[in-house]
>>> print(open('start.csv').read())   # CSV, C-alpha atoms and all ligand atoms
chain,number,residue,atom,x,y,z
A,1,MET,CA,110.9,11.6,100.9
A,2,PRO,CA,109.9,12.1,97.3
A,3,VAL,CA,107.4,14.6,95.8
A,4,LEU,CA,105.3,13.3,92.9
A,5,ILE,CA,104.9,15.6,89.9
A,6,LEU,CA,102.1,14.6,87.5
A,7,GLY,CA,103.7,15.7,84.2
A,8,GLY,CA,103.4,15.9,80.5
A,9,THR,CA,104.0,19.7,80.2
A,10,SER,CA,106.9,22.1,80.0
A,11,ASP,CA,105.8,23.5,83.4
A,12,ALA,CA,106.1,20.0,84.9
A,13,ARG,CA,109.7,19.8,83.7
A,14,ARG,CA,110.4,23.2,85.3
A,15,VAL,CA,108.9,22.0,88.6
A,16,ALA,CA,111.2,19.0,88.5
A,17,GLU,CA,114.1,21.3,88.0
A,18,LEU,CA,113.1,23.3,91.1
A,19,LEU,CA,112.5,20.2,93.3
A,20,PRO,CA,115.5,17.9,93.1
A,21,GLY,CA,114.7,14.4,94.3
A,22,SER,CA,111.2,14.5,92.9
A,23,VAL,CA,109.5,11.8,90.8
A,24,THR,CA,107.8,12.8,87.6
A,25,SER,CA,105.0,10.7,86.2
A,26,LEU,CA,104.2,10.6,82.5
A,27,ALA,CA,101.1,9.0,80.9
A,28,GLY,CA,103.2,7.4,78.1
A,29,ARG,CA,101.3,9.0,75.2
A,30,VAL,CA,104.4,10.4,73.5
A,31,ARG,CA,106.8,8.0,72.0
A,32,ALA,CA,110.0,10.0,72.7
A,33,PRO,CA,109.0,12.4,75.5
A,34,ARG,CA,111.1,15.3,76.6
A,35,LEU,CA,112.3,14.0,80.0
A,36,PRO,CA,112.6,16.1,83.1
A,37,PRO,CA,115.5,15.8,85.5
A,38,GLY,CA,115.2,13.3,88.3
A,39,GLU,CA,113.3,10.0,88.5
A,40,VAL,CA,110.6,9.4,85.9
A,41,ARG,CA,107.9,6.8,85.9
A,42,ILE,CA,105.8,6.1,82.8
A,43,GLY,CA,102.2,4.8,82.4
A,44,GLY,CA,98.9,5.0,84.2
A,45,PHE,CA,98.5,4.2,87.9
A,46,GLY,CA,95.4,2.1,87.4
A,47,GLY,CA,92.7,4.6,88.5
A,48,VAL,CA,92.3,6.2,91.9
A,49,ALA,CA,92.9,3.0,93.8
A,50,GLY,CA,96.2,2.5,91.9
A,51,LEU,CA,97.3,6.0,92.6
A,52,VAL,CA,96.5,5.7,96.3
A,53,GLY,CA,98.6,2.5,96.4
A,54,TYR,CA,101.5,4.2,94.6
A,55,LEU,CA,101.4,7.2,96.9
A,56,ARG,CA,101.5,4.9,100.0
A,57,SER,CA,104.2,2.5,98.7
A,58,ALA,CA,106.5,5.2,97.4
A,59,GLY,CA,106.0,7.3,100.6
A,60,ILE,CA,105.0,10.4,98.6
A,61,THR,CA,104.9,13.5,100.8
A,62,ALA,CA,103.2,15.9,98.4
A,63,VAL,CA,101.8,15.9,94.8
A,64,VAL,CA,102.0,18.7,92.2
A,65,ASP,CA,99.5,18.1,89.4
A,66,ALA,CA,101.3,19.8,86.5
A,67,THR,CA,99.4,18.0,83.8
A,68,HIS,CA,97.9,19.8,80.8
A,69,PRO,CA,94.7,21.8,81.6
A,70,PHE,CA,92.7,19.3,79.5
A,71,ALA,CA,94.0,16.2,81.3
A,72,ALA,CA,90.8,16.4,83.5
A,73,VAL,CA,90.6,12.7,84.3
A,74,MET,CA,94.1,12.6,85.8
A,75,THR,CA,93.4,15.8,87.8
A,76,ALA,CA,90.2,14.3,89.2
A,77,HIS,CA,92.0,11.1,90.1
A,78,ALA,CA,94.7,13.1,91.8
A,79,VAL,CA,92.2,15.0,93.9
A,80,GLU,CA,90.4,11.9,95.0
A,81,ALA,CA,93.6,9.8,95.6
A,82,CYS,CA,95.4,12.5,97.6
A,83,ALA,CA,92.3,13.0,99.8
A,84,GLN,CA,92.1,9.3,100.5
A,85,ALA,CA,95.9,8.9,101.2
A,86,GLY,CA,96.1,12.2,103.2
A,87,VAL,CA,98.8,13.6,100.9
A,88,PRO,CA,98.8,17.4,100.2
A,89,LEU,CA,98.1,18.3,96.6
A,90,ALA,CA,98.5,21.5,94.6
A,91,ILE,CA,97.2,22.0,91.0
A,92,LEU,CA,99.5,24.0,88.7
A,93,ARG,CA,97.3,25.7,86.2
A,94,ARG,CA,99.0,28.4,84.2
A,95,PRO,CA,96.7,31.3,83.2
A,96,GLY,CA,94.6,30.8,80.1
A,97,TRP,CA,94.7,32.7,76.9
A,98,THR,CA,92.2,35.4,76.1
A,99,GLY,CA,90.2,36.2,73.0
A,100,GLY,CA,89.1,34.0,70.1
A,101,VAL,CA,85.7,32.6,69.4
A,102,ARG,CA,85.2,30.6,72.6
A,103,VAL,CA,83.5,27.2,72.6
A,104,PRO,CA,83.0,24.8,75.6
A,105,SER,CA,84.2,21.6,74.0
A,106,LEU,CA,85.7,19.8,71.0
A,107,ALA,CA,82.2,18.8,69.8
A,108,ALA,CA,81.1,22.5,69.9
A,109,ALA,CA,84.2,23.5,68.0
A,110,ALA,CA,83.4,21.0,65.2
A,111,GLN,CA,79.9,22.4,65.0
A,112,VAL,CA,81.0,26.1,64.7
A,113,LEU,CA,84.1,25.4,62.5
A,114,PRO,CA,82.4,25.3,59.0
A,115,SER,CA,81.0,28.8,59.6
A,116,LEU,CA,84.5,30.2,60.3
A,117,GLY,CA,86.7,28.8,57.5
A,118,SER,CA,87.5,26.0,55.2
A,119,ARG,CA,91.3,25.6,55.5
A,120,VAL,CA,91.8,24.7,59.1
A,121,PHE,CA,95.0,24.7,61.2
A,122,LEU,CA,94.1,22.2,63.8
A,123,THR,CA,96.4,22.1,66.9
A,124,THR,CA,94.2,20.2,69.4
A,125,GLY,CA,96.4,17.1,69.5
A,126,ARG,CA,96.6,13.8,67.6
A,127,GLN,CA,94.0,12.0,69.8
A,128,ASP,CA,91.2,14.5,69.2
A,129,LEU,CA,90.8,14.2,65.5
A,130,ALA,CA,87.7,11.9,65.5
A,131,THR,CA,85.5,14.8,66.4
A,132,PHE,CA,86.5,16.6,63.2
A,133,ALA,CA,86.8,13.6,60.9
A,134,ARG,CA,83.4,14.0,59.2
A,135,LEU,CA,83.7,17.6,58.3
A,136,ASP,CA,84.3,18.4,54.6
A,137,LEU,CA,87.0,20.9,55.3
A,138,TRP,CA,90.8,20.9,54.6
A,139,PHE,CA,92.9,20.3,57.7
A,140,LEU,CA,96.6,21.0,58.5
A,141,VAL,CA,97.2,18.9,61.6
A,142,ARG,CA,100.3,19.4,63.7
A,143,SER,CA,101.1,16.9,66.4
A,144,VAL,CA,104.2,15.3,68.1
A,145,ASP,CA,103.4,11.7,67.0
A,146,PRO,CA,101.3,10.6,64.0
A,147,PRO,CA,97.5,11.2,64.4
A,148,ASP,CA,95.3,8.4,65.5
A,149,PRO,CA,92.4,7.4,63.2
A,150,PRO,CA,89.7,8.3,62.4
A,151,VAL,CA,91.1,11.4,60.8
A,152,PRO,CA,89.6,14.0,58.3
A,153,GLN,CA,89.7,12.8,54.7
A,154,ARG,CA,91.3,16.0,53.5
A,155,MET,CA,94.3,16.4,55.8
A,156,LEU,CA,98.0,17.2,55.8
A,157,SER,CA,99.8,15.9,58.9
A,158,ILE,CA,103.0,17.5,60.1
A,159,LEU,CA,105.0,16.2,63.0
A,160,ASP,CA,106.6,18.9,65.1
A,161,ARG,CA,106.7,20.2,68.7
A,162,GLY,CA,107.2,23.6,70.1
A,163,PRO,CA,108.4,26.1,71.0
A,164,PHE,CA,107.4,27.8,67.8
A,165,THR,CA,108.2,31.3,66.6
A,166,VAL,CA,105.6,33.9,65.4
A,167,GLU,CA,107.5,34.2,62.1
A,168,GLY,CA,107.5,30.4,61.6
A,169,GLU,CA,103.8,30.2,62.4
A,170,ARG,CA,103.0,33.0,60.0
A,171,ALA,CA,104.9,31.4,57.2
A,172,LEU,CA,103.2,28.0,57.8
A,173,MET,CA,99.7,29.5,57.8
A,174,ARG,CA,100.5,31.6,54.7
A,175,GLU,CA,102.0,28.6,52.9
A,176,HIS,CA,98.8,26.6,53.4
A,177,ALA,CA,96.3,29.5,53.0
A,178,ILE,CA,94.9,28.8,56.5
A,179,ASP,CA,91.7,30.7,57.2
A,180,VAL,CA,90.9,29.5,60.7
A,181,LEU,CA,93.0,28.2,63.6
A,182,VAL,CA,91.6,25.7,66.2
A,183,THR,CA,93.3,25.4,69.5
A,184,LYS,CA,92.7,24.3,73.1
A,185,ASP,CA,93.1,27.1,75.7
A,186,SER,CA,96.3,25.5,77.0
A,187,GLY,CA,97.8,28.8,78.1
A,188,ALA,CA,101.3,27.6,77.4
A,189,ALA,CA,103.7,30.3,76.6
A,190,ALA,CA,105.8,27.9,74.5
A,191,VAL,CA,103.0,27.4,72.0
A,192,SER,CA,101.3,30.8,71.9
A,193,ALA,CA,103.2,32.0,68.8
A,194,LYS,CA,100.3,30.6,66.7
A,195,LEU,CA,97.9,33.0,68.3
A,196,ASP,CA,100.1,36.0,67.5
A,197,ALA,CA,100.6,34.8,64.0
A,198,ALA,CA,96.9,34.2,63.4
A,199,ARG,CA,96.0,37.7,64.8
A,200,ALA,CA,98.7,39.3,62.5
A,201,LEU,CA,97.2,37.5,59.5
A,202,ASP,CA,93.5,38.2,60.6
A,203,VAL,CA,92.8,34.5,60.8
A,204,PRO,CA,90.0,33.8,63.2
A,205,ILE,CA,90.9,31.7,66.3
A,206,LEU,CA,88.5,29.0,67.5
A,207,MET,CA,89.4,28.5,71.2
A,208,ILE,CA,88.2,25.5,73.2
A,209,ASP,CA,87.6,26.4,76.9
A,210,ARG,CA,89.3,24.4,79.6
A,211,PRO,CA,87.4,21.9,81.7
A,212,PRO,CA,86.6,23.3,85.1
A,213,LEU,CA,89.0,22.9,88.0
A,214,PRO,CA,88.0,20.8,90.9
A,215,SER,CA,87.0,22.9,94.0
A,216,GLY,CA,88.7,22.8,97.4
A,217,VAL,CA,92.3,22.2,96.1
A,218,PRO,CA,95.0,24.8,96.2
A,219,VAL,CA,95.8,26.1,92.7
A,220,VAL,CA,99.0,27.8,91.7
A,221,GLU,CA,99.9,29.5,88.5
A,222,THR,CA,103.6,29.1,88.1
A,223,PRO,CA,106.3,26.4,88.7
A,224,VAL,CA,107.9,28.6,91.3
A,225,ALA,CA,104.7,28.8,93.2
A,226,ALA,CA,104.2,25.1,93.0
A,227,ALA,CA,107.7,24.5,94.4
A,228,ARG,CA,107.0,27.0,97.2
A,229,PHE,CA,103.8,25.1,98.0
A,230,VAL,CA,105.8,21.9,98.4
A,231,THR,CA,108.5,23.4,100.5
A,232,ASP,CA,105.8,25.0,102.8
A,233,VAL,CA,103.9,21.7,103.3
A,234,ILE,CA,107.1,19.7,103.9
A,235,MET,CA,108.4,22.3,106.4
A,236,ALA,CA,105.0,22.5,108.2
A,301,LIG,P1,93.5,12.2,81.0
A,301,LIG,O1,92.5,11.9,80.0
A,301,LIG,O2,93.2,13.2,82.0
A,301,LIG,O3,93.9,10.8,81.8
A,301,LIG,C1,93.5,9.5,81.3
A,301,LIG,C2,94.4,8.5,82.1
A,301,LIG,O4,95.7,8.6,81.6
A,301,LIG,C3,94.5,8.7,83.6
A,301,LIG,O5,93.3,8.2,84.2
A,301,LIG,C4,95.8,8.0,83.9
A,301,LIG,O6,95.6,6.6,83.9
A,301,LIG,C5,96.6,8.3,82.7
A,301,LIG,N1,97.5,9.5,82.9
A,301,LIG,C6,97.2,10.8,82.5
A,301,LIG,N2,98.2,11.6,82.8
A,301,LIG,C7,99.1,10.9,83.5
A,301,LIG,C8,100.4,11.1,84.1
A,301,LIG,N3,100.9,12.3,84.1
A,301,LIG,N4,101.0,10.1,84.7
A,301,LIG,C9,100.5,8.8,84.7
A,301,LIG,N5,99.3,8.5,84.2
A,301,LIG,C10,98.6,9.5,83.6
A,301,LIG,O7,94.9,12.5,80.3
A,301,LIG,P2,95.2,13.0,78.8
A,301,LIG,O8,94.4,14.2,78.5
A,301,LIG,O9,95.1,11.8,77.9
A,301,LIG,O10,96.7,13.4,78.9
A,301,LIG,C11,97.7,12.4,79.1
A,301,LIG,C12,99.1,13.1,79.3
A,301,LIG,O11,99.4,14.0,78.2
A,301,LIG,C13,99.1,14.0,80.6
A,301,LIG,O12,100.3,13.8,81.2
A,301,LIG,C14,99.0,15.4,80.1
A,301,LIG,O13,99.7,16.3,80.9
A,301,LIG,C15,99.6,15.3,78.7
A,301,LIG,N6,99.1,16.2,77.7
A,301,LIG,C16,97.7,16.2,77.5
A,301,LIG,C17,97.2,17.1,76.5
A,301,LIG,C18,95.7,17.2,76.3
A,301,LIG,O14,95.3,18.0,75.4
A,301,LIG,N7,94.9,16.4,77.0
A,301,LIG,C19,98.0,18.0,75.8
A,301,LIG,C20,99.4,17.9,76.1
A,301,LIG,C21,99.9,17.1,77.0
A,301,LIG,P3,95.3,5.7,85.2
A,301,LIG,O15,93.8,6.0,85.5
A,301,LIG,O16,95.6,4.4,84.8
A,301,LIG,O17,96.1,6.3,86.3
>>> encode(input="start.csv", output="structure tokens")
Amino acid sequence: MPVLILGGTSDARRVAELLPGSVTSLAGRVRAPRLPPGEVRIGGFGGVAGLVGYLRSAGITAVVDATHPFAAVMTAHAVEACAQAGVPLAILRRPGWTGGVRVPSLAAAAQVLPSLGSRVFLTTGRQDLATFARLDLWFLVRSVDPPDPPVPQRMLSILDRGPFTVEGERALMREHAIDVLVTKDSGAAAVSAKLDAARALDVPILMIDRPPLPSGVPVVETPVAAARFVTDVIMA
């Protein structure tokens, strides 16, 4: 009986490695995603009702929500659908990063940004550029696929995906005379090199806080703990 992993992160791929026979679901945002082992399904479920239908028809025994901490809609849908279908759910949320100038949202980041710098390394993802599009600042934008419009007028787009090295990040920030870094608090170890590089260069970090977690659902911090949760509920 399969376990469903809601994916789109390196942690989700690790959970799939630890749970042979699981199915990983991807949203389909990235053109050539890094695929986990095991079965993969791609695309939205069609809201809560669609996910309830999927859980029932596929005979899913447990769900691990290993989506990115900012994929709050998917997480809310998973909580609601699992409750309706009576399927155990754990949310895998790796610990967040510390430090930086903290703001609660992308919109708040766009407001504060001009006071921090004028040559911005923006790493919030290609779908979140609209919020920054009207700012008269220079942007270095790094994303896996090309950014979606609207984008800032003065922007250099580079296509790349982690893991990155501190040395590489330092060289990139130096090359483009970056004076502020903007990032979501993803907490991912694989992309934290930019934080170390910014600190080494005395570049301020504008950090967007995570959306709150839903209450009443077990939260685990590592792929191993997520796999243990699944084993425990299946054995119970
Ligand atoms: P979102 O806003 O929370 O979700 C919007 C809709 O996308 C969901 O209602 C669902 O459609 C679909 N969806 C999202 N994740 C899915 C998954 N794993 N499998 C199937 N459908 C999914 O999501 P998002 O922030 O756009 O993130 C999309 C994906 O990119 C997620 O898998 C996430 O882990 C990954 N990701 C996101 C970020 C980020 O900054 N948000 C960064 C890196 C990776 P239906 O309602 O039709 O089911």
>>> closest_residue(input="start.csv", among="A:Val224, A:Val87, A:Val101, A:Met74", to="ligand LIG 301 (chain A)", atoms="all atoms listed in the file")
A:Met74
>>> closest_residue(input="start.csv", among="A:Ala107, A:Ile158, A:Met235, A:Ala225", to="Leu172 (chain A)", atoms="all atoms listed in the file")
A:Ile158
>>> residues_around(input="start.csv", residues="region 160-169 of chain A", least_positions_apart="3", cutoff="9 Å", atoms="only C-alpha atoms", output="PyMOL selection string")
chain A and resi 142-145+172-174+189-198
>>> closest_residue(input="start.csv", among="A:Ser57, A:Thr131, A:Ser186, A:Thr67", to="ligand LIG 301 (chain A)", atoms="all atoms listed in the file")
A:Thr67
>>> residues_around(input="start.csv", residues="Thr98 (chain A)", least_positions_apart="5", cutoff="10 Å", atoms="all atoms listed in the file", output="count of residues only")
4
>>> residues_near_ligand(input="start.csv", ligand="ligand LIG 301 (chain A)", cutoff="6 Å", atoms="all atoms listed in the file", output="MDAnalysis selection string")
chainID A and resid 6:9 25:27 43:47 67:68 70:74
>>> residues_around(input="start.csv", residues="Ala76 (chain A)", least_positions_apart="6", cutoff="10 Å", atoms="only C-alpha atoms", output="list in words")
Val48, Leu213 and Pro214 of chain A
>>> decode(input="start.csv", residues="region 25-49 of chain A", atoms="N, CA and C atoms", output="PDB file, in the first residue's frame")
ATOM      1  N   SER A  25       4.663  13.119  -5.488  1.00  0.00           N
ATOM      2  CA  SER A  25       3.882  14.029  -6.322  1.00  0.00           C
ATOM      3  C   SER A  25       4.620  15.350  -6.496  1.00  0.00           C
ATOM      4  N   LEU A  26       4.733  15.786  -7.744  1.00  0.00           N
ATOM      5  CA  LEU A  26       5.349  17.085  -8.055  1.00  0.00           C
ATOM      6  C   LEU A  26       4.298  17.979  -8.684  1.00  0.00           C
ATOM      7  N   ALA A  27       4.445  19.293  -8.447  1.00  0.00           N
ATOM      8  CA  ALA A  27       3.455  20.234  -8.983  1.00  0.00           C
ATOM      9  C   ALA A  27       3.590  20.398 -10.496  1.00  0.00           C
ATOM     10  N   GLY A  28       4.808  20.207 -11.004  1.00  0.00           N
ATOM     11  CA  GLY A  28       5.036  20.373 -12.437  1.00  0.00           C
ATOM     12  C   GLY A  28       5.507  21.766 -12.809  1.00  0.00           C
ATOM     13  N   ARG A  29       6.044  22.504 -11.830  1.00  0.00           N
ATOM     14  CA  ARG A  29       6.510  23.868 -12.107  1.00  0.00           C
ATOM     15  C   ARG A  29       7.845  23.887 -12.853  1.00  0.00           C
ATOM     16  N   VAL A  30       8.705  22.920 -12.554  1.00  0.00           N
ATOM     17  CA  VAL A  30      10.057  22.902 -13.135  1.00  0.00           C
ATOM     18  C   VAL A  30      10.041  22.014 -14.377  1.00  0.00           C
ATOM     19  N   ARG A  31      10.642  22.548 -15.463  1.00  0.00           N
ATOM     20  CA  ARG A  31      10.570  21.814 -16.741  1.00  0.00           C
ATOM     21  C   ARG A  31      11.263  20.460 -16.691  1.00  0.00           C
ATOM     22  N   ALA A  32      12.434  20.427 -16.093  1.00  0.00           N
ATOM     23  CA  ALA A  32      13.180  19.158 -16.008  1.00  0.00           C
ATOM     24  C   ALA A  32      13.518  18.912 -14.543  1.00  0.00           C
ATOM     25  N   PRO A  33      12.546  18.446 -13.759  1.00  0.00           N
ATOM     26  CA  PRO A  33      12.793  18.286 -12.320  1.00  0.00           C
ATOM     27  C   PRO A  33      13.783  17.167 -12.031  1.00  0.00           C
ATOM     28  N   ARG A  34      14.462  17.297 -10.894  1.00  0.00           N
ATOM     29  CA  ARG A  34      15.273  16.174 -10.412  1.00  0.00           C
ATOM     30  C   ARG A  34      14.303  15.148  -9.846  1.00  0.00           C
ATOM     31  N   LEU A  35      14.314  13.959 -10.419  1.00  0.00           N
ATOM     32  CA  LEU A  35      13.292  12.981 -10.027  1.00  0.00           C
ATOM     33  C   LEU A  35      13.773  12.118  -8.866  1.00  0.00           C
ATOM     34  N   PRO A  36      12.859  11.806  -7.956  1.00  0.00           N
ATOM     35  CA  PRO A  36      13.195  10.889  -6.863  1.00  0.00           C
ATOM     36  C   PRO A  36      13.099   9.454  -7.371  1.00  0.00           C
ATOM     37  N   PRO A  37      13.614   8.487  -6.587  1.00  0.00           N
ATOM     38  CA  PRO A  37      13.380   7.087  -6.956  1.00  0.00           C
ATOM     39  C   PRO A  37      11.906   6.741  -6.753  1.00  0.00           C
ATOM     40  N   GLY A  38      11.456   5.697  -7.411  1.00  0.00           N
ATOM     41  CA  GLY A  38      10.075   5.249  -7.221  1.00  0.00           C
ATOM     42  C   GLY A  38       9.130   5.941  -8.187  1.00  0.00           C
ATOM     43  N   GLU A  39       7.834   5.712  -7.939  1.00  0.00           N
ATOM     44  CA  GLU A  39       6.811   6.263  -8.836  1.00  0.00           C
ATOM     45  C   GLU A  39       6.692   7.782  -8.639  1.00  0.00           C
ATOM     46  N   VAL A  40       6.463   8.473  -9.752  1.00  0.00           N
ATOM     47  CA  VAL A  40       6.294   9.928  -9.687  1.00  0.00           C
ATOM     48  C   VAL A  40       5.026  10.303 -10.441  1.00  0.00           C
ATOM     49  N   ARG A  41       4.209  11.142  -9.845  1.00  0.00           N
ATOM     50  CA  ARG A  41       3.068  11.709 -10.562  1.00  0.00           C
ATOM     51  C   ARG A  41       3.266  13.228 -10.603  1.00  0.00           C
ATOM     52  N   ILE A  42       2.819  13.851 -11.692  1.00  0.00           N
ATOM     53  CA  ILE A  42       3.100  15.280 -11.863  1.00  0.00           C
ATOM     54  C   ILE A  42       1.819  16.045 -12.159  1.00  0.00           C
ATOM     55  N   GLY A  43       1.643  17.173 -11.448  1.00  0.00           N
ATOM     56  CA  GLY A  43       0.494  18.050 -11.679  1.00  0.00           C
ATOM     57  C   GLY A  43      -0.387  18.137 -10.454  1.00  0.00           C
ATOM     58  N   GLY A  44      -1.174  19.226 -10.382  1.00  0.00           N
ATOM     59  CA  GLY A  44      -2.073  19.421  -9.247  1.00  0.00           C
ATOM     60  C   GLY A  44      -3.122  18.319  -9.174  1.00  0.00           C
ATOM     61  N   PHE A  45      -3.729  18.199  -7.991  1.00  0.00           N
ATOM     62  CA  PHE A  45      -4.751  17.163  -7.784  1.00  0.00           C
ATOM     63  C   PHE A  45      -6.139  17.693  -8.100  1.00  0.00           C
ATOM     64  N   GLY A  46      -6.262  19.032  -8.171  1.00  0.00           N
ATOM     65  CA  GLY A  46      -7.578  19.629  -8.334  1.00  0.00           C
ATOM     66  C   GLY A  46      -8.182  19.976  -6.977  1.00  0.00           C
ATOM     67  N   GLY A  47      -7.387  20.669  -6.159  1.00  0.00           N
ATOM     68  CA  GLY A  47      -7.892  21.123  -4.861  1.00  0.00           C
ATOM     69  C   GLY A  47      -8.064  19.993  -3.861  1.00  0.00           C
ATOM     70  N   VAL A  48      -8.728  20.342  -2.747  1.00  0.00           N
ATOM     71  CA  VAL A  48      -8.893  19.372  -1.660  1.00  0.00           C
ATOM     72  C   VAL A  48      -9.701  18.163  -2.139  1.00  0.00           C
ATOM     73  N   ALA A  49     -10.773  18.433  -2.876  1.00  0.00           N
ATOM     74  CA  ALA A  49     -11.634  17.323  -3.325  1.00  0.00           C
ATOM     75  C   ALA A  49     -10.854  16.367  -4.229  1.00  0.00           C
TER      76      ALA A  49
END
